[in-house]
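Enquirer: You'll find run-v3.cif just under this line, and it carries mmCIF, C-alpha atoms.
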```cif
data_structure
#
loop_
_atom_site.group_PDB
_atom_site.id
_atom_site.type_symbol
_atom_site.label_atom_id
_atom_site.label_comp_id
_atom_site.auth_asym_id
_atom_site.auth_seq_id
_atom_site.Cartn_x
_atom_site.Cartn_y
_atom_site.Cartn_z
ATOM 1 C CA MET A 1 40.999 -2.221 98.549
ATOM 2 C CA LYS A 2 44.443 -0.982 97.509
ATOM 3 C CA ASN A 3 46.448 1.216 99.838
ATOM 4 C CA LEU A 4 47.767 4.540 98.559
ATOM 5 C CA LEU A 5 51.191 3.276 97.550
ATOM 6 C CA GLU A 6 49.698 0.453 95.456
ATOM 7 C CA GLU A 7 47.675 2.790 93.231
ATOM 8 C CA THR A 8 48.905 3.898 89.803
ATOM 9 C CA TYR A 9 49.581 7.622 89.418
ATOM 10 C CA ILE A 10 50.696 9.840 86.552
ATOM 11 C CA VAL A 11 52.918 12.589 87.956
ATOM 12 C CA PHE A 12 53.276 15.206 85.239
ATOM 13 C CA ASP A 13 54.570 18.676 84.463
ATOM 14 C CA THR A 14 54.399 21.020 81.480
ATOM 15 C CA GLU A 15 56.590 23.749 80.062
ATOM 16 C CA THR A 16 54.800 26.451 78.098
ATOM 17 C CA THR A 17 55.277 29.483 75.853
ATOM 18 C CA GLY A 18 53.847 31.726 78.572
ATOM 19 C CA LEU A 19 51.469 31.828 81.512
ATOM 20 C CA ASP A 20 48.007 32.168 79.960
ATOM 21 C CA PRO A 21 46.498 29.523 77.671
ATOM 22 C CA LYS A 22 43.487 31.789 77.052
ATOM 23 C CA SER A 23 45.731 34.359 75.369
ATOM 24 C CA GLY A 24 47.253 31.846 72.965
ATOM 25 C CA ASP A 25 50.091 30.410 75.050
ATOM 26 C CA GLN A 26 50.565 26.667 74.647
ATOM 27 C CA MET A 27 52.641 23.730 75.859
ATOM 28 C CA ILE A 28 56.174 23.134 74.575
ATOM 29 C CA GLU A 29 56.919 20.053 76.695
ATOM 30 C CA ILE A 30 55.002 17.408 78.607
ATOM 31 C CA GLY A 31 56.987 15.278 81.025
ATOM 32 C CA ALA A 32 55.557 12.561 83.266
ATOM 33 C CA VAL A 33 56.355 9.471 85.253
ATOM 34 C CA LYS A 34 53.994 6.608 86.002
ATOM 35 C CA ILE A 35 54.375 5.259 89.521
ATOM 36 C CA GLN A 36 52.924 2.136 91.104
ATOM 37 C CA ASN A 37 53.798 0.328 94.328
ATOM 38 C CA GLY A 38 56.127 3.196 95.221
ATOM 39 C CA LYS A 39 58.249 2.849 92.069
ATOM 40 C CA VAL A 40 58.547 4.490 88.665
ATOM 41 C CA ILE A 41 57.274 1.973 86.099
ATOM 42 C CA ASP A 42 57.235 4.147 82.954
ATOM 43 C CA ARG A 43 58.171 7.608 81.664
ATOM 44 C CA PHE A 44 56.803 10.072 79.110
ATOM 45 C CA ASP A 45 58.663 13.089 77.758
ATOM 46 C CA GLU A 46 57.937 14.893 74.513
ATOM 47 C CA LEU A 47 58.915 18.318 73.259
ATOM 48 C CA ILE A 48 56.371 20.275 71.197
ATOM 49 C CA ASN A 49 56.836 22.588 68.249
ATOM 50 C CA PRO A 50 54.715 25.700 68.948
ATOM 51 C CA GLN A 51 55.221 26.805 65.323
ATOM 52 C CA ARG A 52 56.422 30.223 66.414
ATOM 53 C CA PRO A 53 59.578 31.589 68.060
ATOM 54 C CA LEU A 54 59.883 31.340 71.837
ATOM 55 C CA ASP A 55 60.085 34.407 74.032
ATOM 56 C CA PRO A 56 63.725 34.820 75.208
ATOM 57 C CA LYS A 57 62.487 34.762 78.823
ATOM 58 C CA ILE A 58 61.019 31.275 78.284
ATOM 59 C CA VAL A 59 64.292 30.088 76.744
ATOM 60 C CA GLU A 60 66.163 31.456 79.760
ATOM 61 C CA VAL A 61 63.890 29.738 82.289
ATOM 62 C CA THR A 62 63.484 26.374 80.554
ATOM 63 C CA ASN A 63 66.686 26.076 78.505
ATOM 64 C CA ILE A 64 64.427 24.956 75.666
ATOM 65 C CA THR A 65 65.360 26.629 72.369
ATOM 66 C CA ASP A 66 63.677 27.102 68.985
ATOM 67 C CA GLU A 67 66.324 24.819 67.488
ATOM 68 C CA MET A 68 65.335 22.014 69.868
ATOM 69 C CA LEU A 69 61.674 22.311 68.852
ATOM 70 C CA LYS A 70 61.819 22.869 65.096
ATOM 71 C CA ASP A 71 61.454 19.184 64.115
ATOM 72 C CA LYS A 72 59.188 18.140 66.987
ATOM 73 C CA PRO A 73 55.500 17.188 66.682
ATOM 74 C CA THR A 74 52.643 19.614 67.262
ATOM 75 C CA GLU A 75 50.805 20.121 70.529
ATOM 76 C CA GLU A 76 47.834 18.157 69.182
ATOM 77 C CA GLU A 77 49.995 15.166 68.223
ATOM 78 C CA VAL A 78 51.795 15.073 71.579
ATOM 79 C CA LEU A 79 48.583 15.486 73.551
ATOM 80 C CA LYS A 80 47.013 12.519 71.745
ATOM 81 C CA HIS A 81 50.071 10.409 72.667
ATOM 82 C CA PHE A 82 49.801 11.597 76.266
ATOM 83 C CA ILE A 83 46.084 10.818 76.521
ATOM 84 C CA ALA A 84 46.696 7.281 75.260
ATOM 85 C CA TRP A 85 49.555 6.862 77.751
ATOM 86 C CA ILE A 86 47.772 8.139 80.882
ATOM 87 C CA LYS A 87 44.596 6.068 80.286
ATOM 88 C CA ASP A 88 42.331 6.533 83.331
ATOM 89 C CA ASP A 89 45.065 6.753 85.960
ATOM 90 C CA ILE A 90 44.924 9.474 88.589
ATOM 91 C CA LEU A 91 46.991 12.538 87.763
ATOM 92 C CA VAL A 92 49.384 14.317 90.130
ATOM 93 C CA ALA A 93 51.009 17.727 89.657
ATOM 94 C CA HIS A 94 52.517 20.534 91.706
ATOM 95 C CA ASN A 95 50.433 23.711 91.548
ATOM 96 C CA ALA A 96 48.197 21.577 89.379
ATOM 97 C CA ASN A 97 45.768 24.270 88.240
ATOM 98 C CA PHE A 98 48.481 25.802 86.048
ATOM 99 C CA ASP A 99 49.233 22.585 84.169
ATOM 100 C CA LEU A 100 45.564 21.605 84.013
ATOM 101 C CA SER A 101 44.659 24.952 82.437
ATOM 102 C CA PHE A 102 46.960 24.187 79.498
ATOM 103 C CA LEU A 103 45.793 20.585 79.193
ATOM 104 C CA LYS A 104 42.131 21.594 79.282
ATOM 105 C CA MET A 105 42.654 24.309 76.680
ATOM 106 C CA ALA A 106 44.412 21.807 74.410
ATOM 107 C CA TYR A 107 41.575 19.289 74.842
ATOM 108 C CA PHE A 108 39.172 22.064 73.812
ATOM 109 C CA LYS A 109 41.239 23.337 70.867
ATOM 110 C CA TYR A 110 41.651 19.910 69.317
ATOM 111 C CA HIS A 111 38.130 18.630 70.078
ATOM 112 C CA LEU A 112 39.360 15.823 72.325
ATOM 113 C CA GLY A 113 36.521 15.920 74.839
ATOM 114 C CA ASN A 114 36.940 16.918 78.472
ATOM 115 C CA LEU A 115 39.679 16.210 80.988
ATOM 116 C CA ASN A 116 37.662 14.722 83.827
ATOM 117 C CA GLN A 117 40.278 12.685 85.641
ATOM 118 C CA ASP A 118 41.092 13.333 89.269
ATOM 119 C CA CYS A 119 44.294 15.331 89.725
ATOM 120 C CA VAL A 120 46.019 15.507 93.095
ATOM 121 C CA ASP A 121 47.748 18.836 93.742
ATOM 122 C CA THR A 122 50.960 18.268 95.719
ATOM 123 C CA LEU A 123 51.064 21.987 96.561
ATOM 124 C CA GLU A 124 47.786 21.702 98.458
ATOM 125 C CA LEU A 125 48.823 18.337 99.883
ATOM 126 C CA SER A 126 51.981 19.953 101.268
ATOM 127 C CA ARG A 127 49.897 22.715 102.847
ATOM 128 C CA TYR A 128 47.698 20.050 104.424
ATOM 129 C CA LEU A 129 50.622 18.039 105.794
ATOM 130 C CA GLU A 130 52.673 21.058 106.929
ATOM 131 C CA PRO A 131 50.162 23.855 107.610
ATOM 132 C CA TYR A 132 52.629 25.890 109.663
ATOM 133 C CA GLU A 133 55.277 26.036 106.941
ATOM 134 C CA LYS A 134 55.311 29.225 104.868
ATOM 135 C CA TYR A 135 56.795 27.891 101.624
ATOM 136 C CA HIS A 136 55.742 24.892 99.563
ATOM 137 C CA ASN A 137 57.542 25.239 96.213
ATOM 138 C CA LEU A 138 59.430 22.312 94.701
ATOM 139 C CA THR A 139 62.883 23.521 95.700
ATOM 140 C CA VAL A 140 61.811 23.959 99.338
ATOM 141 C CA LEU A 141 60.063 20.576 99.407
ATOM 142 C CA MET A 142 63.131 18.810 98.030
ATOM 143 C CA LYS A 143 65.143 20.142 100.957
ATOM 144 C CA ARG A 144 62.369 19.391 103.448
ATOM 145 C CA TYR A 145 62.164 15.760 102.311
ATOM 146 C CA GLU A 146 65.951 15.464 101.846
ATOM 147 C CA ILE A 147 65.692 14.581 98.157
ATOM 148 C CA VAL A 148 68.698 15.226 95.906
ATOM 149 C CA TRP A 149 67.743 18.060 93.513
ATOM 150 C CA ASP A 150 69.717 19.805 90.795
ATOM 151 C CA GLU A 151 68.424 23.381 90.591
ATOM 152 C CA GLU A 152 70.091 23.768 87.174
ATOM 153 C CA LYS A 153 67.718 21.126 85.729
ATOM 154 C CA HIS A 154 64.641 22.683 87.368
ATOM 155 C CA HIS A 155 61.987 23.947 84.886
ATOM 156 C CA ARG A 156 62.305 21.051 82.499
ATOM 157 C CA ALA A 157 59.087 19.046 82.530
ATOM 158 C CA ASP A 158 60.656 15.583 82.731
ATOM 159 C CA TYR A 159 62.972 16.514 85.612
ATOM 160 C CA ASP A 160 60.293 18.369 87.552
ATOM 161 C CA ALA A 161 57.841 15.485 87.106
ATOM 162 C CA GLU A 162 60.419 13.021 88.426
ATOM 163 C CA GLY A 163 61.153 15.271 91.406
ATOM 164 C CA THR A 164 57.454 15.757 92.132
ATOM 165 C CA SER A 165 56.949 11.976 92.079
ATOM 166 C CA LEU A 166 59.622 11.532 94.770
ATOM 167 C CA ILE A 167 57.969 14.210 96.899
ATOM 168 C CA PHE A 168 54.555 12.644 96.368
ATOM 169 C CA LEU A 169 55.773 9.204 97.478
ATOM 170 C CA GLU A 170 57.142 10.740 100.684
ATOM 171 C CA MET A 171 53.809 12.486 101.207
ATOM 172 C CA LEU A 172 51.924 9.199 100.808
ATOM 173 C CA LYS A 173 54.042 7.663 103.588
ATOM 174 C CA ARG A 174 53.190 10.575 105.853
ATOM 175 C CA LEU A 175 49.505 10.245 105.022
ATOM 176 C CA GLU A 176 49.562 6.561 105.940
ATOM 177 C CA ARG A 177 51.060 7.480 109.308
ATOM 178 C CA ARG A 178 48.009 9.708 109.785
ATOM 179 C CA ASN A 179 45.780 6.723 108.966
ATOM 180 C CA ILE A 180 44.905 8.044 105.509
ATOM 181 C CA LYS A 181 45.529 4.816 103.643
ATOM 182 C CA THR A 182 43.200 4.691 100.633
ATOM 183 C CA LEU A 183 42.518 6.764 97.551
ATOM 184 C CA ASP A 184 38.966 7.478 98.752
ATOM 185 C CA GLN A 185 40.350 8.919 101.989
ATOM 186 C CA LEU A 186 42.914 10.995 100.086
ATOM 187 C CA LYS A 187 40.216 12.473 97.846
ATOM 188 C CA LYS A 188 38.294 13.738 100.879
ATOM 189 C CA ILE A 189 41.095 16.116 101.907
ATOM 190 C CA PRO A 190 39.907 19.677 101.083
ATOM 191 C CA LYS A 191 41.391 21.277 97.929
ATOM 192 C CA ILE A 192 43.496 18.201 97.130
ATOM 193 C CA LEU A 193 41.727 17.431 93.846
ATOM 194 C CA ALA A 194 42.559 20.342 91.558
ATOM 195 C CA ASN A 195 40.135 19.206 88.859
ATOM 196 C CA LYS A 196 37.228 19.120 91.301
ATOM 197 C CA ARG A 197 37.633 22.504 92.966
ATOM 198 C CA VAL A 198 34.653 24.844 92.830
#
```
Rewrite the structure from the file as structure tokens, please.
Expert:
Amino acid sequence: MKNLLEETYIVFDTETTGLDPKSGDQMIEIGAVKIQNGKVIDRFDELINPQRPLDPKIVEVTNITDEMLKDKPTEEEVLKHFIAWIKDDILVAHNANFDLSFLKMAYFKYHLGNLNQDCVDTLELSRYLEPYEKYHNLTVLMKRYEIVWDEEKHHRADYDAEGTSLIFLEMLKRLERRNIKTLDQLKKIPKILANKRV
């Protein structure tokens, strides 16, 4: 059986037009890295044309502009590329329920079936590893794990996915030191699998 570091993971992040996919908000970027044996082996990053102007607040947060998106593919086209790229690998995201809500809505809108893959939430994993710490956002975790982080590039999906992958690899090392060495053991940690929460 493989140990945790030998598994293949898709660490991903999304940028969106707003906070609620049920009200019509959608993805404008999917960024991801594929990691195996503790190393990045592939990358995915695609911008999405939402076919409507962005809210100025979203532009301010993400630095993504209407001009950048005008010639990009649709959400459906990008999602189909992403599904083909991720295959059946386990997903990883920080505060995963947010990103999953947009992915699941897109699967539904474009009749692409259901997103049933396991998705490890690094937010909950951080709370498990450091239960006495108050904060578990990406910026705090970068400092905690002494990872170089450019706050100016934060809130772009590709950069955040890369940063989350570095955090996740550090977390896997800490799990192994606690004798949690396999994917089956990892999945038994409460709340870790965002896609399996009741």
Enquirer: Which value, in Å to one decimal, gives the distance between CA of Glu170 (chain A) and CA of Tyr145 (chain A)?
Expert: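 Between these atoms lies a distance of 7.3 Å.
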Enquirer: Residues near Lys153 (chain A), anyone? I mean within 12 Å using all atoms listed in the file, not counting same-chain ones fewer than 2 positions away, as a list in words.
Expert: Val61, Thr62, Asn63, Ile64, Thr139, Val148, Trp149, Asp150, Glu151, His155, Arg156, Ala157, Asp158, Tyr159, Asp160, Ala161, Glu162 and Gly163 of chain A
Enquirer: So what does the PyMOL selection byres ((chain A and resi 5) around 9) actually pick up in this one, as number ranges by chain?
Expert: A: 2-4, 6-8, 35-39, 169, 172-173, 181-182
Enquirer: Which residue out of A:Thr65, A:Ser101, A:Gln185, A:Asn95 has the minimum interatomic distance to Glu124 (chain A) when all atoms listed in the file are used?
Expert: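 Residue with the minimum atom-to-atom distance to Glu124 (chain A): A:Asn95.
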Enquirer: To test your reading of the syntax: which residues would the PyMOL selection byres ((chain A and resi 70) around 10) return for the file shown? Reply as a list in words.
Expert: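 Checked against the file, the PyMOL selection byres ((chain A and resi 70) around 10) matches Leu47, Ile48, Asn49, Pro50, Gln51, Arg52, Pro53, Thr65, Asp66, Glu67, Met68, Leu69, Asp71, Lys72, Pro73 and Thr74 of chain A.
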Enquirer: So how many Å separate CA of Pro190 (chain A) and CA of Phe12 (chain A), to one decimal?
Expert: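 Value for the CA of Pro190 (chain A)-CA of Phe12 (chain A) distance: 21.2 Å.
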Enquirer: Selected by the PyMOL selection byres ((chain A and resi 30) around 7) in the shown coordinates: which residues, as a ChimeraX atom specification?
Expert: /A:13-15,29,31-32,45-47,157
Enquirer: Report as a compact mmCIF listing (two decimals) with C-alpha atoms, in the coordinates of the input all protein, DNA and RNA residues lying within 8 Å of Val92 (chain A), evaluated on all atoms listed in the file, omitting residues in the same chain fewer than 3 positions from it.
Expert:
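Output saved as part.txt:
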```txt
# COMPACT_ATOMS: atom_id res chain seq x y z
CA TYR A 9 49.58 7.62 89.42
CA ILE A 10 50.70 9.84 86.55
CA VAL A 11 52.92 12.59 87.96
CA PHE A 12 53.28 15.21 85.24
CA ALA A 96 48.20 21.58 89.38
CA CYS A 119 44.29 15.33 89.72
CA VAL A 120 46.02 15.51 93.10
CA ASP A 121 47.75 18.84 93.74
CA THR A 122 50.96 18.27 95.72
```
Enquirer: Which residue, A:Tyr110, A:Phe44, A:Tyr132, A:Phe102, has the smallest gap to Lys80 (chain A) when you use only C-alpha atoms?
Expert: A:Tyr110
Enquirer: Considering all atoms listed in the file, state which residue in the set A:Met1, A:Thr17, A:Asp25, A:Glu152 is at the smallest distance from Pro56 (chain A).
Expert: A:Thr17
Enquirer: Between A:Ala84, A:Val40, A:Ile90, A:Leu79, which is the closest to Asp184 (chain A) once you count only C-alpha atoms?
Expert: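 Among the listed residues, A:Ile90 lies closest to Asp184 (chain A).
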Enquirer: Can region 116-145 of chain A be brought up to N, CA and C atoms and written out as a PDB file, in the frame of the given file?
Expert:
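After the write, rebuild.pdb holds the following:
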```
ATOM      1  N   ASN A 116      38.473  14.914  82.616  1.00  0.00           N
ATOM      2  CA  ASN A 116      37.662  14.722  83.827  1.00  0.00           C
ATOM      3  C   ASN A 116      38.371  13.936  84.923  1.00  0.00           C
ATOM      4  N   GLN A 117      39.587  13.516  84.653  1.00  0.00           N
ATOM      5  CA  GLN A 117      40.278  12.685  85.641  1.00  0.00           C
ATOM      6  C   GLN A 117      40.618  13.457  86.908  1.00  0.00           C
ATOM      7  N   ASP A 118      40.636  12.731  88.019  1.00  0.00           N
ATOM      8  CA  ASP A 118      41.092  13.333  89.269  1.00  0.00           C
ATOM      9  C   ASP A 118      42.546  13.745  89.130  1.00  0.00           C
ATOM     10  N   CYS A 119      42.905  14.866  89.729  1.00  0.00           N
ATOM     11  CA  CYS A 119      44.294  15.331  89.725  1.00  0.00           C
ATOM     12  C   CYS A 119      44.656  15.834  91.109  1.00  0.00           C
ATOM     13  N   VAL A 120      45.554  15.130  91.761  1.00  0.00           N
ATOM     14  CA  VAL A 120      46.019  15.507  93.095  1.00  0.00           C
ATOM     15  C   VAL A 120      47.036  16.644  92.969  1.00  0.00           C
ATOM     16  N   ASP A 121      46.832  17.689  93.748  1.00  0.00           N
ATOM     17  CA  ASP A 121      47.748  18.836  93.742  1.00  0.00           C
ATOM     18  C   ASP A 121      48.712  18.699  94.926  1.00  0.00           C
ATOM     19  N   THR A 122      49.985  18.448  94.633  1.00  0.00           N
ATOM     20  CA  THR A 122      50.960  18.268  95.719  1.00  0.00           C
ATOM     21  C   THR A 122      51.240  19.576  96.461  1.00  0.00           C
ATOM     22  N   LEU A 123      50.945  20.718  95.846  1.00  0.00           N
ATOM     23  CA  LEU A 123      51.064  21.987  96.561  1.00  0.00           C
ATOM     24  C   LEU A 123      50.061  22.033  97.710  1.00  0.00           C
ATOM     25  N   GLU A 124      48.809  21.703  97.411  1.00  0.00           N
ATOM     26  CA  GLU A 124      47.786  21.702  98.458  1.00  0.00           C
ATOM     27  C   GLU A 124      48.012  20.567  99.454  1.00  0.00           C
ATOM     28  N   LEU A 125      48.534  19.442  98.978  1.00  0.00           N
ATOM     29  CA  LEU A 125      48.823  18.337  99.883  1.00  0.00           C
ATOM     30  C   LEU A 125      49.928  18.720 100.860  1.00  0.00           C
ATOM     31  N   SER A 126      50.921  19.469 100.387  1.00  0.00           N
ATOM     32  CA  SER A 126      51.981  19.953 101.268  1.00  0.00           C
ATOM     33  C   SER A 126      51.415  20.912 102.315  1.00  0.00           C
ATOM     34  N   ARG A 127      50.521  21.785 101.886  1.00  0.00           N
ATOM     35  CA  ARG A 127      49.897  22.715 102.847  1.00  0.00           C
ATOM     36  C   ARG A 127      49.075  21.973 103.888  1.00  0.00           C
ATOM     37  N   TYR A 128      48.464  20.865 103.492  1.00  0.00           N
ATOM     38  CA  TYR A 128      47.698  20.050 104.424  1.00  0.00           C
ATOM     39  C   TYR A 128      48.615  19.353 105.425  1.00  0.00           C
ATOM     40  N   LEU A 129      49.709  18.797 104.928  1.00  0.00           N
ATOM     41  CA  LEU A 129      50.622  18.039 105.794  1.00  0.00           C
ATOM     42  C   LEU A 129      51.459  18.945 106.698  1.00  0.00           C
ATOM     43  N   GLU A 130      51.806  20.126 106.182  1.00  0.00           N
ATOM     44  CA  GLU A 130      52.673  21.058 106.929  1.00  0.00           C
ATOM     45  C   GLU A 130      52.025  22.440 106.962  1.00  0.00           C
ATOM     46  N   PRO A 131      50.914  22.589 107.658  1.00  0.00           N
ATOM     47  CA  PRO A 131      50.162  23.855 107.610  1.00  0.00           C
ATOM     48  C   PRO A 131      50.905  25.045 108.207  1.00  0.00           C
ATOM     49  N   TYR A 132      51.916  24.788 109.021  1.00  0.00           N
ATOM     50  CA  TYR A 132      52.629  25.890 109.663  1.00  0.00           C
ATOM     51  C   TYR A 132      53.851  26.340 108.874  1.00  0.00           C
ATOM     52  N   GLU A 133      54.166  25.622 107.798  1.00  0.00           N
ATOM     53  CA  GLU A 133      55.277  26.036 106.941  1.00  0.00           C
ATOM     54  C   GLU A 133      54.800  27.128 105.981  1.00  0.00           C
ATOM     55  N   LYS A 134      55.682  28.093 105.722  1.00  0.00           N
ATOM     56  CA  LYS A 134      55.311  29.225 104.868  1.00  0.00           C
ATOM     57  C   LYS A 134      55.460  28.900 103.386  1.00  0.00           C
ATOM     58  N   TYR A 135      56.489  28.130 103.023  1.00  0.00           N
ATOM     59  CA  TYR A 135      56.795  27.891 101.624  1.00  0.00           C
ATOM     60  C   TYR A 135      56.573  26.432 101.240  1.00  0.00           C
ATOM     61  N   HIS A 136      56.069  26.245 100.022  1.00  0.00           N
ATOM     62  CA  HIS A 136      55.742  24.892  99.563  1.00  0.00           C
ATOM     63  C   HIS A 136      56.132  24.684  98.100  1.00  0.00           C
ATOM     64  N   ASN A 137      57.111  25.448  97.598  1.00  0.00           N
ATOM     65  CA  ASN A 137      57.542  25.239  96.213  1.00  0.00           C
ATOM     66  C   ASN A 137      58.427  24.000  96.120  1.00  0.00           C
ATOM     67  N   LEU A 138      58.695  23.567  94.889  1.00  0.00           N
ATOM     68  CA  LEU A 138      59.430  22.312  94.701  1.00  0.00           C
ATOM     69  C   LEU A 138      60.812  22.337  95.334  1.00  0.00           C
ATOM     70  N   THR A 139      61.527  23.430  95.158  1.00  0.00           N
ATOM     71  CA  THR A 139      62.883  23.521  95.700  1.00  0.00           C
ATOM     72  C   THR A 139      62.874  23.374  97.217  1.00  0.00           C
ATOM     73  N   VAL A 140      61.929  24.034  97.870  1.00  0.00           N
ATOM     74  CA  VAL A 140      61.811  23.959  99.338  1.00  0.00           C
ATOM     75  C   VAL A 140      61.437  22.536  99.759  1.00  0.00           C
ATOM     76  N   LEU A 141      60.503  21.921  99.037  1.00  0.00           N
ATOM     77  CA  LEU A 141      60.063  20.576  99.407  1.00  0.00           C
ATOM     78  C   LEU A 141      61.164  19.547  99.222  1.00  0.00           C
ATOM     79  N   MET A 142      61.993  19.727  98.214  1.00  0.00           N
ATOM     80  CA  MET A 142      63.131  18.810  98.030  1.00  0.00           C
ATOM     81  C   MET A 142      64.047  18.830  99.252  1.00  0.00           C
ATOM     82  N   LYS A 143      64.299  20.026  99.759  1.00  0.00           N
ATOM     83  CA  LYS A 143      65.143  20.142 100.957  1.00  0.00           C
ATOM     84  C   LYS A 143      64.428  19.581 102.175  1.00  0.00           C
ATOM     85  N   ARG A 144      63.141  19.846 102.289  1.00  0.00           N
ATOM     86  CA  ARG A 144      62.369  19.391 103.448  1.00  0.00           C
ATOM     87  C   ARG A 144      62.343  17.867 103.524  1.00  0.00           C
ATOM     88  N   TYR A 145      62.228  17.216 102.351  1.00  0.00           N
ATOM     89  CA  TYR A 145      62.164  15.760 102.311  1.00  0.00           C
ATOM     90  C   TYR A 145      63.526  15.117 102.033  1.00  0.00           C
TER      91      TYR A 145
END
```
